[in-house]
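J.: Once you've had a glance at the structure underneath, I'll fire off some questions.
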There are 2 protein chains.
Amino acid sequence: MSPLPESLLLAPENLALATDFYQLTMMASYFQWKMEEDATFELFVRRLPKRRAFLIAAGLEQCLHYLRTVHFDGAAVDYLRAHEVFAHADPAFFERLRAWRFGGDLDAVREGTPIFANEPILRVKASLFEAQLVETYLLSVINYQTSVASKAARVILAARGRNCVEFGTRRAHGPQAALYAARATYLAGFSGTSNVLAGKLCDIPVLGTAAHAFIMACPSEEEAFRRYHASFPDHSTLLIDTYDTLRGARRAAAIPGELRGVRLDSGDMAALSKEVRGILDENGRHTTRIVASGDLNEDSIDTLLEAEAPIDVFGVGTEVVTSKDHPALGGVYKLVERCVQGQSMPTMKWSEGKMTYPGAKQVWRLRDPQGHYTRDVIQLLGSPPPAPDASPLLTPYIRRGEAVCEPPPLTALRSHCLAEVSRLPGELKTLADHATFPVEIGADIAAMVRTLQGEQAP
Amino acid sequence: MSPLPESLLLAPENLALATDFYQLTMMASYFQWKMEEDATFELFVRRLPKRRAFLIAAGLEQCLHYLRTVHFDGAAVDYLRAHEVFAHADPAFFERLRAWRFGGDLDAVREGTPIFANEPILRVKASLFEAQLVETYLLSVINYQTSVASKAARVILAARGRNCVEFGTRRAHGPQAALYAARATYLAGFSGTSNVLAGKLCDIPVLGTAAHAFIMACPSEEEAFRRYHASFPDHSTLLIDTYDTLRGARRAAAIPGELRGVRLDSGDMAALSKEVRGILDENGRHTTRIVASGDLNEDSIDTLLEAEAPIDVFGVGTEVVTSKDHPALGGVYKLVERCVQGQSMPTMKWSEGKMTYPGAKQVWRLRDPQGHYTRDVIQLLGSPPPAPDASPLLTPYIRRGEAVCEPPPLTALRSHCLAEVSRLPGELKTLADHATFPVEIGADIAAMVRTLQGEQAP
């Protein structure tokens with residue numbers, strides 16, 4: 001296991017308590033009733049959000065780090081022991097917590113892989129005691145990063161090969177969310193981020209321009225351009241909209257020496273970018289790039305490019321870091337199998353509108369002879385592949401608490417993501433949401449559902 | 001300054017890099033051009049989001065901690081020095097970073113105070129060098145917590161005195177966002193959270209029930225209820241919807257001994273809660289509380305209570321922790337004044353649709369003889385109060401880098417919030433968004449805008 005960026009996470013001694021209280025009360029009850037058997041939980045999304053023809057799995061690296069690090073220190077145990085709900089709890093329960101380290105199994109879909117509804121992203125097999133504890137943290141990491149990577153993949157499709165840079169730190173849900181967002185957007189194909197810490201911790205290219213405050217802090221716009229350009233002669237992207245964009249463009253074009261880029265941050269971007277391109281070209285600045293920013297998303301980028309706006313780089317912030325049209329991914333973590341006296345017992349939930357498929361599962365992805373993906377089949381784990389060249393999406397990462405697979409570096413995951421998205425059917429790679437990728441529930445699962453329905457709820 | 005919950009934050013050595021890259025390039029340029037003068041920046045929201053008649057200021061405590069802790073360690077400086085953009089930067093710039101600690105002033109609105117568009121939540125006066133650096137972090141903390149507290153305040157209004165508990169950790173944008181959300185919802189009047197770490201770090205009451213997995217892991221629903229209740233005889237809230245809610249309610253009612261509560265998590269909550277109340281009452285369980293959860297927000301809570309659903313506690317998650325209808329608050333941090341050779345120079349931004357008011361400001365809140373708030377007046381700092389009993393909202397917290405005011409504990413801020421909201425006009429305290437609180441821009445600011453417009457942009 002490679003050294004992981006610890007600071008993407010909370011302080012290690014606090015990880016164990018970063019969970020819902022009911023996990024701990026259930027754990028105490030499992031402990032009291034000696035419900036020590038193994039159980040299998042799967043993390044998946046019941047339905048794709050509107051306007052998401054696919055999701056991009058993301059966040060696994062942080063989950064792996066969590067599972068290998070999480071433990072209860074003395075202060076955590078003391079906090080729990082002092083809670084009125086645990087006033088009469090068995091002291092042995094707290095000793096068990098103090099000694100506990102994750103000792104179960106984890107299988108997961110590689111980060112950057114497109115996934116669909118009902119397909120497990122992670123599968124945890126562990127004692128009920130520990131599988132329950134880790135639910136909340138795994139969900140919070142996977143839900144958010146997957147949500148951002150999925151939105152970012154749409155932005156990348158809309159940008160048609162132009163560079164997209166993540167500029168959203170100030171609108172992310174706090175500094176840690178900003179790091180996760182920088183990571184998840186890069187995974188999905190962004191070229192870089194403005195977040196310096198994400199650059200340092202995750203080895204993501206870090207980029208920036210300048211802000212209005214710099215222009216306003218100088219005696220004049222010309223002087224601001226001159227000073228900033230002199231500070232970074234090879235790397236200056238000048239912000240030209242503080243007072244008047246076209247006048248700003250002419251002043252920028254007049255700067256002596258090379259000019260890397262100019263940035264537009266307000267106004268009618270399609271019209272302005274054409275006029276600015278004209279001004280730059282008239283001044284022989286054919287290589288100066290136009291960067292656009294300001295509440296951009298996949299739709300506005302698509303509209304700009306349909307209008308042939310000569311924009312070279314899109315700075316995308318708020319919309320992608322909050323996945324603004326779907327700010328909460330409904331990933332769930334459900335008990336699908338219990339092991340009772342060595343026997344597998346599939347389980348399913350019957351609550352209205354919240355039914356789950358029983359049994360530990362594998363997702364198989366099928367392709368045509370050209371390598372394009374044609375459909376997925378979800379089957380019970382252990383059933384034979386539905387086709388000779390079907391690939392299993394879930395692979396082992398942890399066995400009995402020990403890492404058995406080192407996740408690839410982020411740049412490799414990014415290449416994987418771009419390649420996998422390219423193999424999806426064309427109709428999924430538009431901004432509309434008319435197309436649905438075929439995902440079949442295997443006959444083995446359907447048969448098991450019928451059996452369990454026959455037995456009905458206990 | 002009280003000891004702050006450090007773990008709400010990132011590791012201290014990483015705080016300085018939790019910023020946008022352009023802050024650092026601008027800082028290098030300020031350094032090179034000896035632009036050492038002080039500047040004043042204000043953090044505010046240009047427009048209230050739809051369906052928010054007011055915002056609740058939140059996140060100041062984390063900002064204070066940041067400003068008092070942030071510094072560049074050797075690894076941070078080495079990372080920057082190695083970046084190609086800084087290849088030719090003056091080594092003295094990096095020495096300045098290494099030695100730097102925040103030495104400016106901070107004034108702020110007390111957390112839990114209702115605020116409106118254009119009203120500064122924070123005011124930073126510091127050298128351009130340092131005021132620029134801290135922008136990104138302050139925005140990410142204030143934007144998110146203010147967003148959640150403002151949504152939570154609506155939920156509290158809708159719940160009409162019933163308890164609301166924050167259950168959203170798994171859908172928050174990562175583990176740190178979950179902590180911020182627990183804190184901001186409690187500040188706005190929630191009764192507690194399911195997030196254990198938030199309980200430990202912020203001294204928020206921690207609550208929980210049980211999950212479907214527990215029920216499904218037991219041989220039967222009856223046995224699950226029996227075991228869980230035996231583990232926590234005084235604190236059991238039994239989840240009754242795993243198989244069939246009404247059957248679940250009858251089974252829960254049949255448990256020997258006291259029963260604290262039952263939880264509904266699916267189905268038609270208005271109808272089910274009435275039937276469940278009936279079942280509980282028939283069994284003499286008049287004190288057993290009904291807890292409802294499942295994608296609740298202020299509107300669904302309002303609808304349930306309009307339908308006289310006998311629900312005692314609302315568990316609210318996704319909707320409040322993501323502020324789902326407005327997942328990104330557009331707080332901005334703008335240069336409003338520069339100090340040039342000892343002279344105050346007000347500045348304003350002219351970009352289309354993004355104009356800002358110039359000058360360092362104070363917000364005055366006016367009340368009627370009964371103590372109800374009637375209007376706000378935003379004036380230049382130093383102008384006399386617009387009325388004898390007007391209260392200034394911004395007060396000093398940091399002077400020259402030193403704390404001059406200790407923020408009250410979270411419980412006191414929560415009481416402050418509930419009291420301040422109660423003093424708002426009644427028409428602001430509905431779920432509709434028809435009413436607007438009167439906020440006047442003072443004549444002094446208007447005159448300054450005219451003067452600057454006369455001078456026009458440099």
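Lettering and numbering for the structure tokens are positional, with chains as A, B, ... in the shown order, residues counted from 1 in each chain, and ligands counted from 1 in the shown order.
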Among stretch 170-207 of chain A, which ones does DSSP assign to strand (DSSP E or B) (computed from the backbone)? Answer as a list in words.
T.: Gly192, Thr193, Asn195 and Val206 of chain A
J.: What does the file look like for those residues with N, CA and C atoms, as a compact mmCIF listing (two decimals), in the first residue's frame?
T.:
```txt
# COMPACT_ATOMS: atom_id res chain seq x y z
N GLY A 192 -6.30 20.05 -14.00
CA GLY A 192 -5.63 20.52 -12.80
C GLY A 192 -6.62 21.21 -11.89
N THR A 193 -6.07 21.82 -10.84
CA THR A 193 -6.88 22.46 -9.81
C THR A 193 -6.19 23.73 -9.35
N ASN A 195 -6.40 24.37 -6.16
CA ASN A 195 -6.18 24.06 -4.74
C ASN A 195 -4.74 23.58 -4.51
N VAL A 206 -1.22 22.13 -10.42
CA VAL A 206 -1.84 23.29 -9.76
C VAL A 206 -1.70 24.50 -10.66
```
J.: As a PyMOL selection string, please: the residues near B:Ala89 (cut-off 10 Å, only C-alpha atoms, same-chain neighbours under 2 positions excluded).
T.: (chain A and resi 231-232) or (chain B and resi 25+28-29+32+81+84-87+91-94)
J.: Could you take the residues named above and write them with N, CA and C atoms, as a compact mmCIF listing (two decimals), in the first residue's frame?
T.:
```txt
# COMPACT_ATOMS: atom_id res chain seq x y z
N SER A 231 6.34 39.76 -12.84
CA SER A 231 6.60 38.77 -11.80
C SER A 231 6.64 37.36 -12.39
N PHE A 232 5.80 37.08 -13.37
CA PHE A 232 5.71 35.73 -13.95
C PHE A 232 5.68 35.83 -15.47
N THR B 25 0.57 33.46 -6.05
CA THR B 25 1.26 34.23 -7.10
C THR B 25 1.03 35.73 -6.88
N ALA B 28 3.34 36.86 -4.19
CA ALA B 28 4.72 37.02 -4.67
C ALA B 28 4.88 38.35 -5.40
N SER B 29 3.85 38.72 -6.15
CA SER B 29 3.93 39.97 -6.89
C SER B 29 3.82 41.18 -5.94
N GLN B 32 7.18 41.46 -4.47
CA GLN B 32 8.18 42.01 -5.40
C GLN B 32 8.02 43.52 -5.57
N ARG B 81 8.31 26.27 -3.78
CA ARG B 81 9.58 26.62 -4.42
C ARG B 81 9.83 25.73 -5.65
N GLU B 84 6.98 25.23 -11.09
CA GLU B 84 7.62 25.93 -12.21
C GLU B 84 7.29 27.42 -12.24
N VAL B 85 6.09 27.78 -11.79
CA VAL B 85 5.70 29.18 -11.81
C VAL B 85 6.61 30.02 -10.90
N PHE B 86 7.13 29.38 -9.86
CA PHE B 86 7.99 30.11 -8.92
C PHE B 86 9.48 29.90 -9.21
N ALA B 87 9.78 29.37 -10.39
CA ALA B 87 11.18 29.03 -10.70
C ALA B 87 12.10 30.24 -10.54
N PRO B 91 14.17 34.46 -3.56
CA PRO B 91 14.23 33.60 -2.37
C PRO B 91 13.69 34.29 -1.12
N ALA B 92 13.78 35.61 -1.08
CA ALA B 92 13.26 36.34 0.09
C ALA B 92 11.76 36.16 0.25
N PHE B 93 11.06 35.92 -0.86
CA PHE B 93 9.61 35.67 -0.78
C PHE B 93 9.34 34.42 0.06
N PHE B 94 10.11 33.38 -0.17
CA PHE B 94 9.90 32.13 0.57
C PHE B 94 10.29 32.29 2.04
```
J.: Which neighbours of B:Gly161 fall inside 10 Å, counting only C-alpha atoms, when residues of the same chain fewer than 2 positions from it are skipped, and could you give them as a list in words?
T.: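 Here the answer would be Ile156, Leu157, Ala158, Ala159, Asn163, Cys164, Gly189, Asp312 and Val313 of chain B.
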J.: For the residues in that selection, give me C-alpha atoms as a PDB file, in the first residue's frame.
T.:
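As written to disk, result-v8.pdb reads:
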```pdb
ATOM      1  CA  ILE B 156     -36.668  24.577  12.921  1.00  0.00           C
ATOM      2  CA  LEU B 157     -39.416  27.041  11.953  1.00  0.00           C
ATOM      3  CA  ALA B 158     -41.326  24.309  10.124  1.00  0.00           C
ATOM      4  CA  ALA B 159     -41.060  21.907  13.075  1.00  0.00           C
ATOM      5  CA  ASN B 163     -37.202  18.299  18.095  1.00  0.00           C
ATOM      6  CA  CYS B 164     -35.052  18.057  14.993  1.00  0.00           C
ATOM      7  CA  GLY B 189     -31.634  25.119  16.892  1.00  0.00           C
ATOM      8  CA  ASP B 312     -42.415  13.977  18.011  1.00  0.00           C
ATOM      9  CA  VAL B 313     -38.916  14.037  16.516  1.00  0.00           C
TER      10      VAL B 313
END
```
J.: Skip stretch 114-119 of chain A itself and residues of its chain fewer than 2 positions away, then list as a PyMOL selection string all residues within 6 Å of it, counting only C-alpha atoms.
T.: chain A and resi 44-48+54-56
J.: Excluding A:Ala58 and any residue of its chain fewer than 3 positions from it, enumerate the residues within 6 Å of it, using only C-alpha atoms, and give them as a PDB file with N, CA and C atoms, in the first residue's frame.
T.:
```pdb
ATOM      1  N   GLU A 111     -11.350   2.848  -9.001  1.00  0.00           N
ATOM      2  CA  GLU A 111     -11.751   4.253  -9.169  1.00  0.00           C
ATOM      3  C   GLU A 111     -11.622   4.667 -10.633  1.00  0.00           C
ATOM      4  N   GLN A 145     -17.217  11.842  -3.431  1.00  0.00           N
ATOM      5  CA  GLN A 145     -16.261  11.827  -4.546  1.00  0.00           C
ATOM      6  C   GLN A 145     -16.906  11.270  -5.820  1.00  0.00           C
ATOM      7  N   THR A 146     -17.762  10.286  -5.682  1.00  0.00           N
ATOM      8  CA  THR A 146     -18.434   9.726  -6.860  1.00  0.00           C
ATOM      9  C   THR A 146     -19.351  10.768  -7.493  1.00  0.00           C
TER      10      THR A 146
END
```
J.: If you measure from atom CA of A:Tyr243 to atom CA of A:Leu280, what distance in Å do you get, rounded to one decimal?
T.: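 The value is 18.1 Å.
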J.: Please provide the set of residues having any atom within 10 Å of A:Ala387, restricted to only C-alpha atoms, with same-chain residues fewer than 2 positions apart removed, written as a PyMOL selection string.
T.: chain A and resi 364-367+377+384-385+389-391
J.: Next, the residues of the selection above should be written as a short mmCIF file (atom, residue, chain, number, x, y, z; two decimals), in the first residue's frame with N, CA and C atoms.
T.:
```cif
data_model
loop_
_atom_site.label_atom_id
_atom_site.label_comp_id
_atom_site.auth_asym_id
_atom_site.auth_seq_id
_atom_site.Cartn_x
_atom_site.Cartn_y
_atom_site.Cartn_z
N TRP A 364 -20.52 -7.99 -13.97
CA TRP A 364 -19.78 -8.37 -15.17
C TRP A 364 -20.06 -7.37 -16.28
N ARG A 365 -19.00 -6.92 -16.93
CA ARG A 365 -19.16 -5.95 -18.02
C ARG A 365 -18.84 -6.64 -19.35
N LEU A 366 -19.78 -6.57 -20.28
CA LEU A 366 -19.62 -7.26 -21.57
C LEU A 366 -19.28 -6.26 -22.66
N ARG A 367 -18.50 -6.72 -23.64
CA ARG A 367 -18.04 -5.82 -24.71
C ARG A 367 -18.28 -6.46 -26.07
N VAL A 377 -24.04 -7.36 -16.42
CA VAL A 377 -24.89 -8.36 -15.76
C VAL A 377 -24.45 -8.44 -14.29
N PRO A 384 -20.87 -18.44 -12.72
CA PRO A 384 -19.92 -18.34 -13.84
C PRO A 384 -20.16 -17.06 -14.66
N PRO A 385 -19.12 -16.53 -15.29
CA PRO A 385 -19.27 -15.31 -16.10
C PRO A 385 -20.37 -15.50 -17.14
N ASP A 389 -15.82 -13.30 -22.48
CA ASP A 389 -14.94 -12.13 -22.34
C ASP A 389 -15.48 -11.08 -21.39
N ALA A 390 -16.45 -11.47 -20.55
CA ALA A 390 -16.97 -10.51 -19.57
C ALA A 390 -15.91 -10.22 -18.51
N SER A 391 -15.81 -8.96 -18.10
CA SER A 391 -14.83 -8.60 -17.05
C SER A 391 -15.55 -8.34 -15.74
#
```
J.: Using only C-alpha atoms, find the one residue out of B:Thr136, B:Thr436, B:Gln341, B:Thr347 that sits nearest to B:Asp376.
T.: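 Of B:Thr136, B:Thr436, B:Gln341, B:Thr347, the one nearest B:Asp376 is B:Thr436, counting only C-alpha atoms.
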J.: Find the spatial neighbours of A:Gln370, counting only C-alpha atoms, within a cut-off of 12 Å - ignore same-chain residues fewer than 5 positions away - and output them as a list in words.
T.: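 Here the qualifying residues turn out to be Arg423, Leu424 and Pro425 of chain A.
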J.: Mind the document's chain letters and residue numbers, and return as a PyMOL selection string the residues of stretch 313-440 of chain A that DSSP labels alpha helix (DSSP H).
T.: chain A and resi 318-321+410-422
J.: To one decimal in Å, tell me the separation between atom CA of B:Arg101 and atom CA of B:Gln132.
T.: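 Answer for the atom CA of B:Arg101 to atom CA of B:Gln132 separation: 13.3 Å.
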J.: Please determine, counting only C-alpha atoms, which residue among A:Val109, A:Leu64, A:Ile255, A:Ala217 has the shortest atom-to-atom distance to chain B.
T.: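 Closest residue, counting only C-alpha atoms: A:Ala217.
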J.: Give me, please, the distance in Å between atom CA of A:Ile204 and atom CA of B:Leu80, quoted to one decimal.
T.: 13.4 Å
